[in-house]
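Take a look at the structure below.
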Amino acid sequence: MQMLKDFSKEYSLFLAILTYFGISHFEHILVHTTAGNLLGLGILFVVIIYSSMSVAHHAEMLAEKFGEPYGTLILTISAVIVEILIIVIMMIHAESPTLARDTIYSAIMLDINGLLGIAAIIGGIKYGEQPYNVDSSNSYLSMLLVAIGIAMVLPHFIDVAHHDMFNMFNVVMFILLYIVFTRIQLKSHKYFFEYEEKNQVCKEGEICEPHHEINAWYHTFNLVVSIVLIGVLAEILSVFMGNTLETFELPLAIGAVGVAVISAAPELITAVRAAVDNRMQTVINIALGASLATILLTIPAVILVSRSMGMELNLSLTPLQGVMLGLTLLLSIVNFSDGETNVLEGFLHFILFVVFAFLLFV
């Protein structure tokens with residue numbers, strides 16, 4: 001009975017369903033005018049972001065039940081699934097070989113510079129310095145360097161005739177990398193991705209444990225349903241977004257950023273809450289973990305989809321993207337080497353995010 005009461009308050013699910021039927025009914029009318037495309041794009045974007053907040057909520061509840069790093073792993077995988085769904089849908093509609101690359105690049109810039117930068121600024125203003133386990137940042141950054149280098153830099157130095165074979169090699173390697181890293185994260189070196197507060201206090205005679213009273217099945221069901229609805233709405237969104245970009249002669253990279261914003265919305269919400277609660281370890285796990293998952297899971301997915309559907313795919317970074325990613329990773333290596341974040345570190349990352357946003361229109 002209580003479960004039904006809780007489900008009746010899942011407003012985002014009901015709104016997403018109503019929006020789907022409403023927009024589907026009027027889609028053929030809206031797509032023929034600029035105002036209609038903008039209206040459809042605006043409504044769908046807002047509803048998808050609202051649904052993303054539901055994803056963040058249910059992922060947070062699962063995080064409370066299972067503890068770290070399981071919680072942030074659930075959140076990042078959920079976000080990456082949303083990202084893969086939208087990228088694949090837009091690849092089919094836009095037929096752009098660089099859309100996946102631009103989206104992955106945008107997602108990394110948004111996660112590390114935008115999300116982590118904002119969280120570090122907020123946390124720094126409130127607490128001065130926020131500690132975390134430096135082993136986690138070192139592990140994430142080393143994996144990111146290798147993965148980005150293999151998938152998005154090496155293709156520049158490989159003969160075009162061998163790109164297809166190299167992409168399939170990357171699929172195998174990245175799946176293997178993700179399996180090994182996930183096992184290390186959850187089993188053998190789980191303590192790398194945890195940070196125990198020195199002043200953490202539990203009630204007398206009790207041990208600080210995850211909240212086992214939380215109904216995992218309920219939150220998992222709603223999490224999956226929310227992701228499915230986001231994917232369904234994203235298919236319609238891709239039509240309105242494509243028409244709008246074409247009407248205003250905007251680069252497709254703007255659409256890639258939109259995809260990144262939608263997929264990162266649950267992570268951003270959770271990361272800001274964690275920063276306010278002085279849980280910088282959660283922020284690190286989300287921001288760097290999401291970037292790594294984007295590389296190791298999204299790239300194999302788009303390679304397999306493009307190959308099966310006969311679509312052209314280009315994952316090689318442009319010189320500008322390479323410089324921005326290089327600056328981001330170099331700054332991250334310097335900033336995340338002491339086990340504490342502060343306002344200055346957050347501000348530097350946020351400045352890089354502002355530069356990234358500015359360069360979209362240059």
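Please note that chains go A, B, ... in the order of the structure tokens, that every chain numbers its residues from 1, and that ligands are numbered from 1 in the order shown.
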
I'd like the neighbourhood of Leu44 of chain A as a short mmCIF file (atom, residue, chain, number, x, y, z; two decimals) with N, CA and C atoms, in the first residue's frame, where a residue qualifies if any of its atoms comes within 10 Å (using only C-alpha atoms), though same-chain residues fewer than 3 positions away should be ignored.
data_model
loop_
_atom_site.label_atom_id
_atom_site.label_comp_id
_atom_site.auth_asym_id
_atom_site.auth_seq_id
_atom_site.Cartn_x
_atom_site.Cartn_y
_atom_site.Cartn_z
N ALA A 16 6.10 12.68 -18.20
CA ALA A 16 6.81 12.19 -19.39
C ALA A 16 5.86 11.41 -20.30
N THR A 19 3.44 13.86 -21.93
CA THR A 19 4.16 14.65 -22.94
C THR A 19 4.38 13.84 -24.20
N TYR A 20 4.72 12.57 -24.03
CA TYR A 20 4.94 11.71 -25.20
C TYR A 20 3.70 11.64 -26.07
N ILE A 23 2.87 15.33 -27.53
CA ILE A 23 3.77 15.77 -28.59
C ILE A 23 3.64 14.87 -29.82
N LEU A 38 10.58 25.17 -32.06
CA LEU A 38 11.11 25.71 -30.82
C LEU A 38 10.26 25.31 -29.63
N LEU A 39 8.93 25.32 -29.81
CA LEU A 39 8.02 24.94 -28.74
C LEU A 39 8.22 23.46 -28.38
N GLY A 40 8.24 22.61 -29.39
CA GLY A 40 8.45 21.18 -29.15
C GLY A 40 9.79 20.90 -28.51
N LEU A 41 10.83 21.58 -29.00
CA LEU A 41 12.17 21.41 -28.43
C LEU A 41 12.21 21.83 -26.98
N VAL A 47 11.05 18.54 -19.98
CA VAL A 47 10.49 17.29 -19.45
C VAL A 47 11.60 16.24 -19.28
N ILE A 48 12.52 16.19 -20.23
CA ILE A 48 13.62 15.22 -20.12
C ILE A 48 14.52 15.57 -18.94
N ILE A 49 14.80 16.85 -18.74
CA ILE A 49 15.61 17.27 -17.59
C ILE A 49 14.88 16.91 -16.28
N TYR A 50 13.55 17.13 -16.26
CA TYR A 50 12.76 16.79 -15.07
C TYR A 50 12.81 15.28 -14.82
N ILE A 230 13.00 8.62 -21.10
CA ILE A 230 13.93 9.62 -21.63
C ILE A 230 14.37 9.24 -23.03
N LEU A 233 11.42 9.90 -25.45
CA LEU A 233 11.25 11.34 -25.69
C LEU A 233 12.41 11.90 -26.50
N ALA A 234 13.61 11.32 -26.31
CA ALA A 234 14.79 11.80 -27.03
C ALA A 234 14.65 11.57 -28.54
N ILE A 236 11.93 11.85 -30.31
CA ILE A 236 11.15 12.97 -30.84
C ILE A 236 11.97 14.26 -30.75
N LEU A 237 12.71 14.41 -29.65
CA LEU A 237 13.55 15.59 -29.46
C LEU A 237 14.54 15.75 -30.61
N SER A 238 15.10 14.64 -31.08
CA SER A 238 16.10 14.71 -32.15
C SER A 238 15.53 15.34 -33.42
N PHE A 240 13.00 17.67 -33.58
CA PHE A 240 12.86 19.12 -33.35
C PHE A 240 14.23 19.79 -33.28
#

Item to check | Polymer residues at most 12 Å from Tyr178 of chain A, only C-alpha atoms, same-chain spacing of 4 or more positions, as a list in words | outcome: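 My list of contacting residues is Leu73, Ile77, Tyr140, Met143, Leu144, Ala147, Asn170, Val171, Val172, Met173, Phe174, Thr182, Arg183, Ile184, Gln185, Leu186, Gly289, Leu292, Ala293, Thr294, Ile295, Leu296, Leu297, Thr298, Ile299 and Pro300 of chain A.
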
Closest atom pairs, segment 92-200 of chain A residues within 12 Å of segment 314-327 of chain A, only C-alpha atoms, as CSV:
residue,atom,partner,partner_atom,distance
A:Glu95,CA,A:Asn314,CA,11.7
A:Ser96,CA,A:Asn314,CA,9.0
A:Pro97,CA,A:Asn314,CA,5.2
A:Thr98,CA,A:Asn314,CA,5.3
A:Leu99,CA,A:Asn314,CA,8.4
A:Ala100,CA,A:Leu315,CA,7.2
A:Arg101,CA,A:Leu315,CA,4.9
A:Asp102,CA,A:Leu315,CA,8.4
A:Thr103,CA,A:Leu315,CA,10.3
A:Ile104,CA,A:Leu315,CA,9.1
A:Tyr105,CA,A:Gln321,CA,7.4
A:Ser106,CA,A:Gln321,CA,9.4
A:Ala107,CA,A:Leu325,CA,11.2
A:Ile108,CA,A:Leu325,CA,8.2
A:Met109,CA,A:Leu325,CA,7.5
A:Leu110,CA,A:Leu325,CA,11.3
A:Asp111,CA,A:Leu325,CA,12.0
A:Ile112,CA,A:Leu325,CA,10.0
A:Asn113,CA,A:Leu325,CA,10.1
A:Leu141,CA,A:Gly326,CA,11.8
A:Leu144,CA,A:Leu325,CA,10.5
A:Leu145,CA,A:Gly326,CA,9.2
A:Ile148,CA,A:Leu325,CA,9.1
A:Gly149,CA,A:Leu317,CA,9.9
A:Ile150,CA,A:Ser316,CA,10.0
A:Ala151,CA,A:Leu315,CA,7.0
A:Met152,CA,A:Ser316,CA,4.6
A:Val153,CA,A:Ser316,CA,5.9
A:Leu154,CA,A:Ser316,CA,7.8
A:Pro155,CA,A:Ser316,CA,5.9
A:His156,CA,A:Ser316,CA,6.4
A:Phe157,CA,A:Ser316,CA,9.9
A:Ile158,CA,A:Ser316,CA,10.6
A:Val160,CA,A:Asn314,CA,10.6
A:His163,CA,A:Asn314,CA,9.3
A:Asp164,CA,A:Asn314,CA,10.3
A:Phe166,CA,A:Leu315,CA,11.5
A:Asn167,CA,A:Leu315,CA,9.3
A:Asn170,CA,A:Leu315,CA,11.5

Could you pull the residues within 7 Å of Gln281 of chain A, counting only C-alpha atoms, minus those fewer than 2 positions along the same chain, as a compact mmCIF listing (two decimals) with C-alpha atoms, in the first residue's frame?
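Saved to selection.txt:
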# COMPACT_ATOMS: atom_id res chain seq x y z
CA TYR A 132 38.72 13.00 -0.72
CA ASN A 133 40.76 9.85 -1.34
CA GLU A 194 35.86 5.61 -0.38
CA TYR A 195 36.62 8.34 2.11
CA ARG A 279 30.97 14.68 0.40
CA VAL A 283 31.65 14.32 -6.45
CA ILE A 284 35.01 12.90 -7.60
CA ASN A 285 33.46 9.47 -8.19

Item to check | Sel. of helix (DSSP H, G or I) residues, segment 172-326 of chain A, as a PyMOL selection string | outcome: chain A and resi 172-188+190-193+216-247+252-276+280-308+319-326

Those selected residues, please, written with C-alpha atoms and delivered as an mmCIF file, in the first residue's frame.
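After the write, selection-v3.cif holds the following:
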data_model
loop_
_atom_site.group_PDB
_atom_site.id
_atom_site.type_symbol
_atom_site.label_atom_id
_atom_site.label_comp_id
_atom_site.auth_asym_id
_atom_site.auth_seq_id
_atom_site.Cartn_x
_atom_site.Cartn_y
_atom_site.Cartn_z
ATOM 1 C CA VAL A 172 37.161 -5.465 -27.259
ATOM 2 C CA MET A 173 39.831 -3.494 -25.387
ATOM 3 C CA PHE A 174 37.410 -0.997 -23.839
ATOM 4 C CA ILE A 175 34.970 -3.644 -22.655
ATOM 5 C CA LEU A 176 37.913 -5.486 -21.101
ATOM 6 C CA LEU A 177 39.185 -2.256 -19.501
ATOM 7 C CA TYR A 178 35.764 -1.483 -18.065
ATOM 8 C CA ILE A 179 35.325 -4.985 -16.618
ATOM 9 C CA VAL A 180 38.777 -4.916 -15.010
ATOM 10 C CA PHE A 181 38.352 -1.388 -13.644
ATOM 11 C CA THR A 182 34.871 -2.114 -12.287
ATOM 12 C CA ARG A 183 36.144 -5.223 -10.505
ATOM 13 C CA ILE A 184 38.976 -3.200 -8.975
ATOM 14 C CA GLN A 185 36.531 -0.459 -7.986
ATOM 15 C CA LEU A 186 34.029 -2.819 -6.371
ATOM 16 C CA LYS A 187 36.251 -5.604 -5.037
ATOM 17 C CA SER A 188 40.017 -5.626 -4.698
ATOM 18 C CA LYS A 190 37.202 -0.642 -3.217
ATOM 19 C CA TYR A 191 38.850 1.457 -0.485
ATOM 20 C CA PHE A 192 40.449 3.617 -3.219
ATOM 21 C CA PHE A 193 37.015 5.068 -3.955
ATOM 22 C CA ALA A 216 15.873 -1.430 -3.914
ATOM 23 C CA TRP A 217 13.371 -3.066 -6.286
ATOM 24 C CA TYR A 218 11.056 -0.057 -6.205
ATOM 25 C CA HIS A 219 13.811 2.450 -6.944
ATOM 26 C CA THR A 220 15.416 0.202 -9.583
ATOM 27 C CA PHE A 221 12.074 -0.159 -11.382
ATOM 28 C CA ASN A 222 11.493 3.594 -11.419
ATOM 29 C CA LEU A 223 15.087 4.216 -12.479
ATOM 30 C CA VAL A 224 14.741 1.885 -15.472
ATOM 31 C CA VAL A 225 11.322 3.270 -16.456
ATOM 32 C CA SER A 226 12.652 6.850 -16.278
ATOM 33 C CA ILE A 227 15.596 5.962 -18.526
ATOM 34 C CA VAL A 228 13.289 4.253 -21.048
ATOM 35 C CA LEU A 229 10.972 7.287 -21.121
ATOM 36 C CA ILE A 230 13.926 9.616 -21.627
ATOM 37 C CA GLY A 231 15.039 7.486 -24.569
ATOM 38 C CA VAL A 232 11.544 7.566 -26.110
ATOM 39 C CA LEU A 233 11.255 11.339 -25.692
ATOM 40 C CA ALA A 234 14.791 11.800 -27.030
ATOM 41 C CA GLU A 235 13.761 10.239 -30.352
ATOM 42 C CA ILE A 236 11.152 12.975 -30.840
ATOM 43 C CA LEU A 237 13.549 15.590 -29.463
ATOM 44 C CA SER A 238 16.102 14.710 -32.154
ATOM 45 C CA VAL A 239 13.603 15.700 -34.864
ATOM 46 C CA PHE A 240 12.865 19.118 -33.347
ATOM 47 C CA MET A 241 16.543 19.707 -32.521
ATOM 48 C CA GLY A 242 17.660 18.830 -36.048
ATOM 49 C CA ASN A 243 15.077 21.141 -37.599
ATOM 50 C CA THR A 244 15.963 23.986 -35.223
ATOM 51 C CA LEU A 245 19.708 23.719 -35.856
ATOM 52 C CA GLU A 246 19.075 23.670 -39.592
ATOM 53 C CA THR A 247 16.707 26.653 -39.454
ATOM 54 C CA LEU A 252 25.626 20.202 -34.954
ATOM 55 C CA ALA A 253 28.068 20.546 -32.041
ATOM 56 C CA ILE A 254 25.378 22.572 -30.264
ATOM 57 C CA GLY A 255 23.129 19.522 -30.447
ATOM 58 C CA ALA A 256 25.972 17.393 -29.073
ATOM 59 C CA VAL A 257 26.214 19.719 -26.085
ATOM 60 C CA GLY A 258 22.450 19.402 -25.587
ATOM 61 C CA VAL A 259 22.805 15.611 -25.453
ATOM 62 C CA ALA A 260 25.642 15.957 -22.936
ATOM 63 C CA VAL A 261 23.581 18.317 -20.756
ATOM 64 C CA ILE A 262 20.621 15.925 -20.714
ATOM 65 C CA SER A 263 22.742 12.897 -19.812
ATOM 66 C CA ALA A 264 24.749 14.824 -17.195
ATOM 67 C CA ALA A 265 21.723 16.427 -15.504
ATOM 68 C CA PRO A 266 21.254 13.641 -12.892
ATOM 69 C CA GLU A 267 24.970 13.707 -12.109
ATOM 70 C CA LEU A 268 25.071 17.491 -11.765
ATOM 71 C CA ILE A 269 22.147 17.507 -9.344
ATOM 72 C CA THR A 270 23.663 14.721 -7.230
ATOM 73 C CA ALA A 271 27.152 16.263 -7.291
ATOM 74 C CA VAL A 272 25.939 19.679 -6.108
ATOM 75 C CA ARG A 273 24.016 18.045 -3.255
ATOM 76 C CA ALA A 274 27.103 16.039 -2.309
ATOM 77 C CA ALA A 275 29.291 19.171 -2.331
ATOM 78 C CA VAL A 276 26.830 20.986 -0.072
ATOM 79 C CA MET A 280 33.660 15.519 -2.151
ATOM 80 C CA GLN A 281 34.510 11.830 -2.619
ATOM 81 C CA THR A 282 31.062 11.350 -4.136
ATOM 82 C CA VAL A 283 31.650 14.320 -6.453
ATOM 83 C CA ILE A 284 35.009 12.897 -7.596
ATOM 84 C CA ASN A 285 33.457 9.473 -8.191
ATOM 85 C CA ILE A 286 30.612 11.011 -10.194
ATOM 86 C CA ALA A 287 32.577 13.506 -12.313
ATOM 87 C CA LEU A 288 35.619 11.393 -13.166
ATOM 88 C CA GLY A 289 33.675 8.121 -13.104
ATOM 89 C CA ALA A 290 31.077 9.479 -15.545
ATOM 90 C CA SER A 291 33.810 10.707 -17.901
ATOM 91 C CA LEU A 292 35.483 7.301 -17.828
ATOM 92 C CA ALA A 293 32.200 5.453 -18.337
ATOM 93 C CA THR A 294 31.406 7.758 -21.265
ATOM 94 C CA ILE A 295 34.643 6.733 -22.970
ATOM 95 C CA LEU A 296 34.655 3.028 -22.118
ATOM 96 C CA LEU A 297 30.941 2.348 -22.725
ATOM 97 C CA THR A 298 29.707 4.947 -25.218
ATOM 98 C CA ILE A 299 32.531 4.454 -27.732
ATOM 99 C CA PRO A 300 32.036 0.655 -28.090
ATOM 100 C CA ALA A 301 28.270 1.224 -28.354
ATOM 101 C CA VAL A 302 28.481 3.809 -31.154
ATOM 102 C CA ILE A 303 31.122 1.767 -32.998
ATOM 103 C CA LEU A 304 28.883 -1.320 -33.004
ATOM 104 C CA VAL A 305 25.775 0.673 -33.988
ATOM 105 C CA SER A 306 27.522 2.552 -36.796
ATOM 106 C CA ARG A 307 29.042 -0.692 -38.105
ATOM 107 C CA SER A 308 25.752 -2.606 -38.013
ATOM 108 C CA PRO A 319 43.167 20.053 -32.907
ATOM 109 C CA LEU A 320 41.013 22.444 -30.829
ATOM 110 C CA GLN A 321 39.295 19.602 -28.990
ATOM 111 C CA GLY A 322 42.661 17.951 -28.388
ATOM 112 C CA VAL A 323 44.103 21.107 -26.836
ATOM 113 C CA MET A 324 41.051 21.624 -24.595
ATOM 114 C CA LEU A 325 41.051 18.006 -23.417
ATOM 115 C CA GLY A 326 44.812 18.155 -22.891
#

Checklist outcome for this item: Students should find that atom CA of Glu10 of chain A and atom CA of Gly71 of chain A are spaced 20.6 Å

Item to check | Polymer residues at most 9 Å from Gly128 of chain A, only C-alpha atoms, same-chain spacing of 6 or more positions, as a list in words | outcome: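 These residues fall inside the cut-off: Thr341, Asn342 and Val343 of chain A.
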
Since we have the selection now, will you write its residues out, keeping C-alpha atoms, as an mmCIF file, in the first residue's frame?
data_model
loop_
_atom_site.group_PDB
_atom_site.id
_atom_site.type_symbol
_atom_site.label_atom_id
_atom_site.label_comp_id
_atom_site.auth_asym_id
_atom_site.auth_seq_id
_atom_site.Cartn_x
_atom_site.Cartn_y
_atom_site.Cartn_z
ATOM 1 C CA THR A 341 39.686 20.614 -3.330
ATOM 2 C CA ASN A 342 39.182 24.351 -2.867
ATOM 3 C CA VAL A 343 37.555 27.333 -4.554
#

Next on the checklist: Report, in Å with one decimal, the straight-line distance from atom CA of Glu27 of chain A to atom CA of Ile81 of chain A.
Outcome noted: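 Straight-line distance from atom CA of Glu27 of chain A to atom CA of Ile81 of chain A works out to 25.6 Å.
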
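We find atom CA of Ala357 of chain A and atom CA of Ala94 of chain A to be spaced 21.9 Å apart.
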